[in-house]
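Worksheet: the structure to be examined is printed underneath.
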Amino acid sequence: MEMTMRWYGKEHDTVTLEQIRQTGYVKGIISTLYNKLPGEVWELDEILALKKEVEDAGLHLAGIESVNVSDAIKTAGPDRDKDIAAYIKTLENLGKADIHLVCYNFMPVFDWTRTELDRKREDGSTVMAYNQDVIDRMDPKKMFDTIKDDMNGTVMPGWEPERMAKVQELFEMYKDIDEDKLFDNLKYFLEAIMPVCDQYNINMAIHPDDPAWSVFGLPRIISSQAKLKRMMDMVPNPHNGVTFCMGSYGTNLNNDLIATVRMLKGRIHFAHIRNLRFNDGMRDFEESAHLSEDGTFDMHGVMKALYETGFDGPIRPDHGRMIWGEKAMPGYGLYDRALGAAYLCGLWESIRKDARKL
Ligand SMILES: [Mn+2]
């Protein structure tokens, strides 16, 4: 297990590599090339420059989150094969740079959805939250306008203004895409990229849909144990794997986190670990502190299942609360993610030492 943090690059992130290194717990960085649009090739020199920046700060570039998949690939549009060829070239360049983990998602239109970015808790900290009643009343095309003022002057991945300006057009592109078609398009994409993944030993790690159910009538295919199994079985190559994002996958309380980790044995290449607190049955939740008792999930149980199934990839504390007056991209402040990293390292050490005693 390698403890990592996501870093948005020195132009976008309020947190520095030096600060991340000084946590003492975090050794790896998960990042991306933020100027790249889906369908563009990442050149080797650009990847090497990112890697050097991270290594010069005494850290290790543990993987890429994300190399985004274009809407043409997701919808089987006219540019699909051209975009896949560019994706393959990017993977080849990543492999040449000795990078072996790529997180991506196959979600239509919205990468992830929250209805509040700064819900205030009793202790004065703020968290991201989701309320289904708000979604049910909302015009999806206005969703961006309702949250853009809460980004603390940052631009959140998946919610770039240029992309959201095209929301109407995007809904049009996906109007005939149902679950089966989306699965077919994912299969086509994965089959095309597996040879280059085999050649350079690149683990592809699909991110679950967030929340793990259909929103605004759009199909969602990485949202339950049965669908994950279908995804793995349709392209049975170990490089076709998963980002186990428990805060996304766990939004649906019908999803058994520990059973899913066990089912995915050998195919979890990356883990996003966070806790959620459910307030009103399944319709309202907020992102709590990582600590088990602050939320709904058994964090020790999930970490233990990862350990016992032989997981050895990067983990990152996922979104954190905003605490101690920090101003940062919602979910991506330094302080609470550092607390999360420390807690998860503590759990891991304890689990590892207990297992060796047996
Ligand atoms: Mn995640």
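Chain identifiers are assigned as A, B, and so on, following the order in which chains appear in the structure tokens; residues are numbered from 1 within each chain, and ligands are numbered from 1 in order of appearance.
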Protein and nucleic acid residues within 12 Å of ligand 1 (only C-alpha atoms and all ligand atoms) as an mmCIF file with N, CA and C atoms, in the first residue's frame:
```cif
data_model
loop_
_atom_site.group_PDB
_atom_site.id
_atom_site.type_symbol
_atom_site.label_atom_id
_atom_site.label_comp_id
_atom_site.auth_asym_id
_atom_site.auth_seq_id
_atom_site.Cartn_x
_atom_site.Cartn_y
_atom_site.Cartn_z
ATOM 1 N N MET A 5 -1.743 11.452 -2.125
ATOM 2 C CA MET A 5 -2.729 12.534 -2.167
ATOM 3 C C MET A 5 -2.874 13.001 -3.606
ATOM 4 N N ARG A 6 -4.077 13.414 -3.922
ATOM 5 C CA ARG A 6 -4.288 14.013 -5.238
ATOM 6 C C ARG A 6 -3.765 15.450 -5.199
ATOM 7 N N ILE A 30 -0.893 11.681 -6.827
ATOM 8 C CA ILE A 30 -1.778 11.350 -7.937
ATOM 9 C C ILE A 30 -2.097 12.666 -8.630
ATOM 10 N N GLU A 65 -4.749 10.503 -12.329
ATOM 11 C CA GLU A 65 -6.188 10.661 -12.174
ATOM 12 C C GLU A 65 -6.541 12.034 -12.697
ATOM 13 N N SER A 66 -7.126 12.064 -13.835
ATOM 14 C CA SER A 66 -7.500 10.977 -14.721
ATOM 15 C C SER A 66 -6.910 11.222 -16.100
ATOM 16 N N CYS A 103 -6.464 6.135 -13.659
ATOM 17 C CA CYS A 103 -7.865 6.182 -13.228
ATOM 18 C C CYS A 103 -8.665 6.896 -14.329
ATOM 19 N N TYR A 104 -9.875 6.449 -14.563
ATOM 20 C CA TYR A 104 -10.739 7.096 -15.561
ATOM 21 C C TYR A 104 -12.179 6.803 -15.157
ATOM 22 N N ASN A 105 -13.105 7.490 -15.803
ATOM 23 C CA ASN A 105 -14.510 7.156 -15.539
ATOM 24 C C ASN A 105 -15.274 7.065 -16.849
ATOM 25 N N ASP A 111 -19.512 14.191 -14.129
ATOM 26 C CA ASP A 111 -18.563 13.273 -13.498
ATOM 27 C C ASP A 111 -19.028 12.881 -12.110
ATOM 28 N N TRP A 112 -19.525 13.843 -11.367
ATOM 29 C CA TRP A 112 -19.999 13.540 -10.024
ATOM 30 C C TRP A 112 -20.957 14.652 -9.631
ATOM 31 N N THR A 113 -21.795 14.379 -8.697
ATOM 32 C CA THR A 113 -22.862 15.310 -8.372
ATOM 33 C C THR A 113 -22.999 15.494 -6.862
ATOM 34 N N PRO A 157 -12.653 19.496 -11.136
ATOM 35 C CA PRO A 157 -12.610 18.582 -12.277
ATOM 36 C C PRO A 157 -13.994 18.039 -12.587
ATOM 37 N N ALA A 205 -8.027 1.723 -14.058
ATOM 38 C CA ALA A 205 -8.846 1.649 -12.845
ATOM 39 C C ALA A 205 -10.078 2.531 -13.001
ATOM 40 N N ILE A 206 -11.188 1.909 -13.362
ATOM 41 C CA ILE A 206 -12.405 2.698 -13.610
ATOM 42 C C ILE A 206 -12.981 3.187 -12.288
ATOM 43 N N HIS A 207 -13.416 4.432 -12.298
ATOM 44 C CA HIS A 207 -13.986 5.046 -11.082
ATOM 45 C C HIS A 207 -15.491 4.805 -11.053
ATOM 46 N N PRO A 208 -16.020 4.420 -9.890
ATOM 47 C CA PRO A 208 -17.471 4.206 -9.810
ATOM 48 C C PRO A 208 -18.252 5.499 -10.044
ATOM 49 N N ASP A 209 -19.491 5.326 -10.416
ATOM 50 C CA ASP A 209 -20.378 6.468 -10.629
ATOM 51 C C ASP A 209 -20.726 7.096 -9.282
ATOM 52 N N ASP A 210 -20.901 8.405 -9.303
ATOM 53 C CA ASP A 210 -21.099 9.125 -8.050
ATOM 54 C C ASP A 210 -22.205 10.152 -8.222
ATOM 55 N N PRO A 211 -23.371 10.000 -7.591
ATOM 56 C CA PRO A 211 -23.745 8.881 -6.731
ATOM 57 C C PRO A 211 -23.992 7.610 -7.551
ATOM 58 N N ALA A 212 -24.106 6.486 -6.839
ATOM 59 C CA ALA A 212 -24.172 5.183 -7.509
ATOM 60 C C ALA A 212 -25.602 4.830 -7.912
ATOM 61 N N VAL A 242 -10.336 -1.616 -11.271
ATOM 62 C CA VAL A 242 -11.256 -0.681 -10.647
ATOM 63 C C VAL A 242 -10.515 0.261 -9.694
ATOM 64 N N THR A 243 -10.998 1.499 -9.618
ATOM 65 C CA THR A 243 -10.677 2.372 -8.492
ATOM 66 C C THR A 243 -11.760 2.127 -7.456
ATOM 67 N N PHE A 244 -11.389 1.579 -6.329
ATOM 68 C CA PHE A 244 -12.410 1.340 -5.303
ATOM 69 C C PHE A 244 -12.620 2.650 -4.543
ATOM 70 N N CYS A 245 -13.604 3.428 -5.023
ATOM 71 C CA CYS A 245 -13.921 4.705 -4.366
ATOM 72 C C CYS A 245 -15.110 4.458 -3.458
ATOM 73 N N MET A 246 -14.836 4.271 -2.167
ATOM 74 C CA MET A 246 -15.919 3.869 -1.276
ATOM 75 C C MET A 246 -16.912 4.995 -1.029
ATOM 76 N N GLY A 247 -16.462 6.244 -1.149
ATOM 77 C CA GLY A 247 -17.388 7.361 -0.966
ATOM 78 C C GLY A 247 -18.345 7.529 -2.129
ATOM 79 N N SER A 248 -17.985 7.025 -3.302
ATOM 80 C CA SER A 248 -18.893 7.072 -4.452
ATOM 81 C C SER A 248 -19.756 5.814 -4.489
ATOM 82 N N TYR A 249 -19.081 4.681 -4.478
ATOM 83 C CA TYR A 249 -19.785 3.399 -4.548
ATOM 84 C C TYR A 249 -20.698 3.212 -3.341
ATOM 85 N N GLY A 250 -20.250 3.726 -2.181
ATOM 86 C CA GLY A 250 -21.004 3.566 -0.939
ATOM 87 C C GLY A 250 -22.182 4.515 -0.796
ATOM 88 N N THR A 251 -22.346 5.441 -1.767
ATOM 89 C CA THR A 251 -23.526 6.323 -1.681
ATOM 90 C C THR A 251 -24.806 5.505 -1.695
ATOM 91 N N PHE A 270 -6.458 0.811 -7.261
ATOM 92 C CA PHE A 270 -6.350 2.145 -6.664
ATOM 93 C C PHE A 270 -7.529 2.260 -5.707
ATOM 94 N N ALA A 271 -7.317 2.894 -4.542
ATOM 95 C CA ALA A 271 -8.430 3.028 -3.598
ATOM 96 C C ALA A 271 -8.584 4.470 -3.134
ATOM 97 N N HIS A 272 -9.830 4.946 -3.182
ATOM 98 C CA HIS A 272 -10.209 6.249 -2.613
ATOM 99 C C HIS A 272 -10.990 5.940 -1.354
ATOM 100 N N ILE A 273 -10.457 6.379 -0.213
ATOM 101 C CA ILE A 273 -11.091 5.985 1.042
ATOM 102 C C ILE A 273 -11.681 7.208 1.733
ATOM 103 N N ARG A 274 -12.980 7.195 1.909
ATOM 104 C CA ARG A 274 -13.626 8.232 2.713
ATOM 105 C C ARG A 274 -14.897 7.695 3.329
ATOM 106 N N ASN A 275 -15.424 8.472 4.251
ATOM 107 C CA ASN A 275 -16.591 8.057 5.014
ATOM 108 C C ASN A 275 -17.753 9.002 4.702
ATOM 109 N N GLU A 287 -20.268 14.206 3.472
ATOM 110 C CA GLU A 287 -18.941 13.602 3.578
ATOM 111 C C GLU A 287 -18.389 13.921 4.963
ATOM 112 N N ILE A 315 -3.350 4.239 -2.234
ATOM 113 C CA ILE A 315 -4.592 4.641 -1.562
ATOM 114 C C ILE A 315 -4.527 6.149 -1.406
ATOM 115 N N ARG A 316 -5.651 6.804 -1.572
ATOM 116 C CA ARG A 316 -5.631 8.200 -1.125
ATOM 117 C C ARG A 316 -6.842 8.497 -0.256
ATOM 118 N N PRO A 317 -6.619 9.347 0.798
ATOM 119 C CA PRO A 317 -7.780 9.802 1.541
ATOM 120 C C PRO A 317 -8.562 10.644 0.546
ATOM 121 N N ASP A 318 -9.801 10.368 0.392
ATOM 122 C CA ASP A 318 -10.562 11.084 -0.631
ATOM 123 C C ASP A 318 -10.957 12.440 -0.072
ATOM 124 N N HIS A 319 -12.035 12.967 -0.527
ATOM 125 C CA HIS A 319 -12.442 14.297 -0.069
ATOM 126 C C HIS A 319 -12.323 14.423 1.448
ATOM 127 N N GLY A 320 -11.929 15.580 1.890
ATOM 128 C CA GLY A 320 -11.926 15.866 3.320
ATOM 129 C C GLY A 320 -12.890 16.994 3.629
ATOM 130 N N GLY A 331 -13.408 19.781 -0.690
ATOM 131 C CA GLY A 331 -12.983 18.379 -0.623
ATOM 132 C C GLY A 331 -11.481 18.193 -0.662
ATOM 133 N N TYR A 332 -10.749 19.224 -1.119
ATOM 134 C CA TYR A 332 -9.313 19.038 -1.371
ATOM 135 C C TYR A 332 -8.418 19.995 -0.592
#
```
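Proximity to Leu48 in chain A was assessed for A:Gly9, A:Gly301, A:Gly95, A:Gly217 counting only C-alpha atoms; the smallest distance is recorded for A:Gly95.
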Can you pull out every residue within 10 Å of Met322 in chain A, counting only C-alpha atoms, but drop anything in the same chain fewer than 5 positions away, and send it as a list in words? Asp118, Arg119, Lys120, Gly124, Ser125, Thr126, Val127, Met128, Ala289, Lys327, Ala328, Met329, Pro330, Gly331, Tyr332, Gly333, Leu334, Tyr335, Asp336 and Arg337 of chain A
In range 71-299 of chain A, what's helix (DSSP H, G or I) per DSSP? Answer as an MDAnalysis selection string? chainID A and resid 71:75 80:96 132:137 140:150 161:164 167:173 179:200 225:234 246:249 257:263 292:294 299
Filtering to C-alpha atoms, could you give me those residues as an mmCIF file, in the first residue's frame?
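result02.cif was written with the following content:
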```cif
data_model
loop_
_atom_site.group_PDB
_atom_site.id
_atom_site.type_symbol
_atom_site.label_atom_id
_atom_site.label_comp_id
_atom_site.auth_asym_id
_atom_site.auth_seq_id
_atom_site.Cartn_x
_atom_site.Cartn_y
_atom_site.Cartn_z
ATOM 1 C CA ASP A 71 -17.804 11.743 -25.124
ATOM 2 C CA ALA A 72 -17.214 10.338 -28.636
ATOM 3 C CA ILE A 73 -15.798 7.164 -27.035
ATOM 4 C CA LYS A 74 -18.604 6.971 -24.473
ATOM 5 C CA THR A 75 -21.333 7.453 -27.093
ATOM 6 C CA ARG A 80 -14.442 7.360 -31.486
ATOM 7 C CA ASP A 81 -11.607 5.550 -33.246
ATOM 8 C CA LYS A 82 -9.546 8.708 -33.617
ATOM 9 C CA ASP A 83 -9.925 9.421 -29.879
ATOM 10 C CA ILE A 84 -9.072 5.832 -28.960
ATOM 11 C CA ALA A 85 -5.908 6.039 -31.071
ATOM 12 C CA ALA A 86 -4.936 9.190 -29.145
ATOM 13 C CA TYR A 87 -5.702 7.436 -25.833
ATOM 14 C CA ILE A 88 -3.479 4.497 -26.834
ATOM 15 C CA LYS A 89 -0.641 6.868 -27.725
ATOM 16 C CA THR A 90 -1.044 8.570 -24.322
ATOM 17 C CA LEU A 91 -0.908 5.195 -22.534
ATOM 18 C CA GLU A 92 2.194 4.286 -24.495
ATOM 19 C CA ASN A 93 3.884 7.535 -23.416
ATOM 20 C CA LEU A 94 2.835 6.982 -19.794
ATOM 21 C CA GLY A 95 4.300 3.478 -19.954
ATOM 22 C CA LYS A 96 7.559 4.852 -21.349
ATOM 23 C CA GLN A 132 -31.968 13.648 -3.554
ATOM 24 C CA ASP A 133 -35.003 15.917 -3.037
ATOM 25 C CA VAL A 134 -32.944 18.865 -4.321
ATOM 26 C CA ILE A 135 -31.884 16.865 -7.390
ATOM 27 C CA ASP A 136 -35.465 15.810 -8.068
ATOM 28 C CA ARG A 137 -36.544 19.464 -8.168
ATOM 29 C CA PRO A 140 -29.929 19.601 -14.700
ATOM 30 C CA LYS A 141 -28.983 22.295 -17.172
ATOM 31 C CA LYS A 142 -29.031 24.812 -14.325
ATOM 32 C CA MET A 143 -27.043 22.609 -11.967
ATOM 33 C CA PHE A 144 -23.747 24.243 -12.835
ATOM 34 C CA ASP A 145 -25.035 27.749 -12.094
ATOM 35 C CA THR A 146 -26.251 26.669 -8.676
ATOM 36 C CA ILE A 147 -22.890 25.358 -7.511
ATOM 37 C CA LYS A 148 -20.313 27.442 -9.362
ATOM 38 C CA ASP A 149 -20.372 30.179 -6.724
ATOM 39 C CA ASP A 150 -19.303 27.723 -4.026
ATOM 40 C CA PRO A 161 -17.178 26.134 -17.212
ATOM 41 C CA GLU A 162 -16.383 25.308 -20.875
ATOM 42 C CA ARG A 163 -17.862 21.855 -20.418
ATOM 43 C CA MET A 164 -20.903 23.036 -18.545
ATOM 44 C CA VAL A 167 -24.648 20.758 -21.149
ATOM 45 C CA GLN A 168 -27.609 20.960 -23.524
ATOM 46 C CA GLU A 169 -25.492 19.521 -26.345
ATOM 47 C CA LEU A 170 -24.165 16.769 -24.058
ATOM 48 C CA PHE A 171 -27.654 15.658 -23.050
ATOM 49 C CA GLU A 172 -28.481 15.471 -26.762
ATOM 50 C CA MET A 173 -25.426 13.239 -27.423
ATOM 51 C CA GLU A 179 -27.061 1.032 -19.975
ATOM 52 C CA ASP A 180 -26.456 -1.746 -22.487
ATOM 53 C CA LYS A 181 -25.108 0.647 -25.104
ATOM 54 C CA LEU A 182 -22.823 2.267 -22.539
ATOM 55 C CA PHE A 183 -21.519 -1.186 -21.551
ATOM 56 C CA ASP A 184 -20.925 -2.005 -25.245
ATOM 57 C CA ASN A 185 -19.000 1.234 -25.727
ATOM 58 C CA LEU A 186 -16.907 0.573 -22.621
ATOM 59 C CA LYS A 187 -16.105 -2.933 -23.862
ATOM 60 C CA TYR A 188 -15.064 -1.606 -27.270
ATOM 61 C CA PHE A 189 -12.770 0.936 -25.592
ATOM 62 C CA LEU A 190 -11.229 -1.567 -23.167
ATOM 63 C CA GLU A 191 -10.603 -4.188 -25.840
ATOM 64 C CA ALA A 192 -8.848 -1.580 -27.956
ATOM 65 C CA ILE A 193 -6.522 -0.434 -25.165
ATOM 66 C CA MET A 194 -5.695 -3.771 -23.486
ATOM 67 C CA PRO A 195 -2.764 -4.594 -25.833
ATOM 68 C CA VAL A 196 -0.898 -1.383 -24.930
ATOM 69 C CA CYS A 197 -1.748 -1.941 -21.235
ATOM 70 C CA ASP A 198 -0.301 -5.449 -21.481
ATOM 71 C CA GLN A 199 2.807 -4.179 -23.232
ATOM 72 C CA TYR A 200 3.579 -1.495 -20.617
ATOM 73 C CA GLN A 225 -21.678 -5.380 -7.459
ATOM 74 C CA ALA A 226 -23.511 -7.056 -10.370
ATOM 75 C CA LYS A 227 -22.504 -4.300 -12.789
ATOM 76 C CA LEU A 228 -18.884 -4.346 -11.599
ATOM 77 C CA LYS A 229 -18.835 -8.079 -12.187
ATOM 78 C CA ARG A 230 -20.254 -7.599 -15.675
ATOM 79 C CA MET A 231 -17.545 -5.015 -16.402
ATOM 80 C CA MET A 232 -14.748 -7.323 -15.205
ATOM 81 C CA ASP A 233 -16.080 -10.414 -16.955
ATOM 82 C CA MET A 234 -16.652 -8.752 -20.311
ATOM 83 C CA MET A 246 -15.919 3.869 -1.276
ATOM 84 C CA GLY A 247 -17.388 7.361 -0.966
ATOM 85 C CA SER A 248 -18.893 7.072 -4.452
ATOM 86 C CA TYR A 249 -19.785 3.399 -4.548
ATOM 87 C CA LEU A 257 -18.442 -2.446 0.575
ATOM 88 C CA ILE A 258 -16.594 -5.350 2.157
ATOM 89 C CA ALA A 259 -18.227 -8.022 -0.026
ATOM 90 C CA THR A 260 -17.397 -5.931 -3.100
ATOM 91 C CA VAL A 261 -13.716 -5.627 -2.130
ATOM 92 C CA ARG A 262 -13.623 -9.407 -1.785
ATOM 93 C CA MET A 263 -15.338 -9.935 -5.153
ATOM 94 C CA SER A 292 -15.549 5.280 11.411
ATOM 95 C CA GLU A 293 -17.653 6.694 14.238
ATOM 96 C CA ASP A 294 -18.143 10.054 12.496
ATOM 97 C CA MET A 299 -13.382 1.949 7.833
#
```
Determine which residues of range 10-187 of chain A receive a DSSP assignment of strand (DSSP E), computed from the backbone, and state them as a PyMOL selection string. chain A and resi 28-31+60-65+101-104+116-120+126-131
Which residue is closest to Asp139 in chain A? Choose from A:Val302, A:Asn203, A:Val215, A:Glu40 and count only C-alpha atoms. A:Val215
A:Met138, A:Leu264, A:Ile64, A:Leu50: which is nearest Ser224 in chain A, counting only C-alpha atoms?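 Between A:Met138, A:Leu264, A:Ile64, A:Leu50, the residue approaching Ser224 in chain A most closely is A:Leu264.
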Shell around His60 in chain A at 9 Å using only C-alpha atoms, local window under 6 positions removed, as a list in words: Thr4, Lys27, Gly28, Ile29, Ile30, Lys51 and Val54 of chain A
Using N, CA and C atoms, can you export the residues from the last selection as a compact mmCIF listing (two decimals), in the first residue's frame?
```txt
# COMPACT_ATOMS: atom_id res chain seq x y z
N THR A 4 -1.13 8.13 -0.75
CA THR A 4 -0.96 9.21 -1.73
C THR A 4 -1.96 10.34 -1.46
N LYS A 27 3.48 9.53 0.65
CA LYS A 27 4.72 9.35 -0.11
C LYS A 27 4.49 9.52 -1.62
N GLY A 28 3.24 9.36 -2.03
CA GLY A 28 2.96 9.37 -3.47
C GLY A 28 1.99 10.48 -3.86
N ILE A 29 2.05 10.86 -5.12
CA ILE A 29 1.17 11.90 -5.66
C ILE A 29 0.36 11.31 -6.81
N ILE A 30 -0.89 11.68 -6.83
CA ILE A 30 -1.78 11.35 -7.94
C ILE A 30 -2.10 12.67 -8.63
N LYS A 51 6.44 14.40 -13.87
CA LYS A 51 7.10 13.41 -13.02
C LYS A 51 8.31 14.03 -12.30
N VAL A 54 7.32 16.34 -9.40
CA VAL A 54 6.92 15.58 -8.21
C VAL A 54 8.15 14.96 -7.53
```
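Between CA of Glu11 in chain A and CA of Phe106 in chain A the interatomic distance comes to 26.8 Å.
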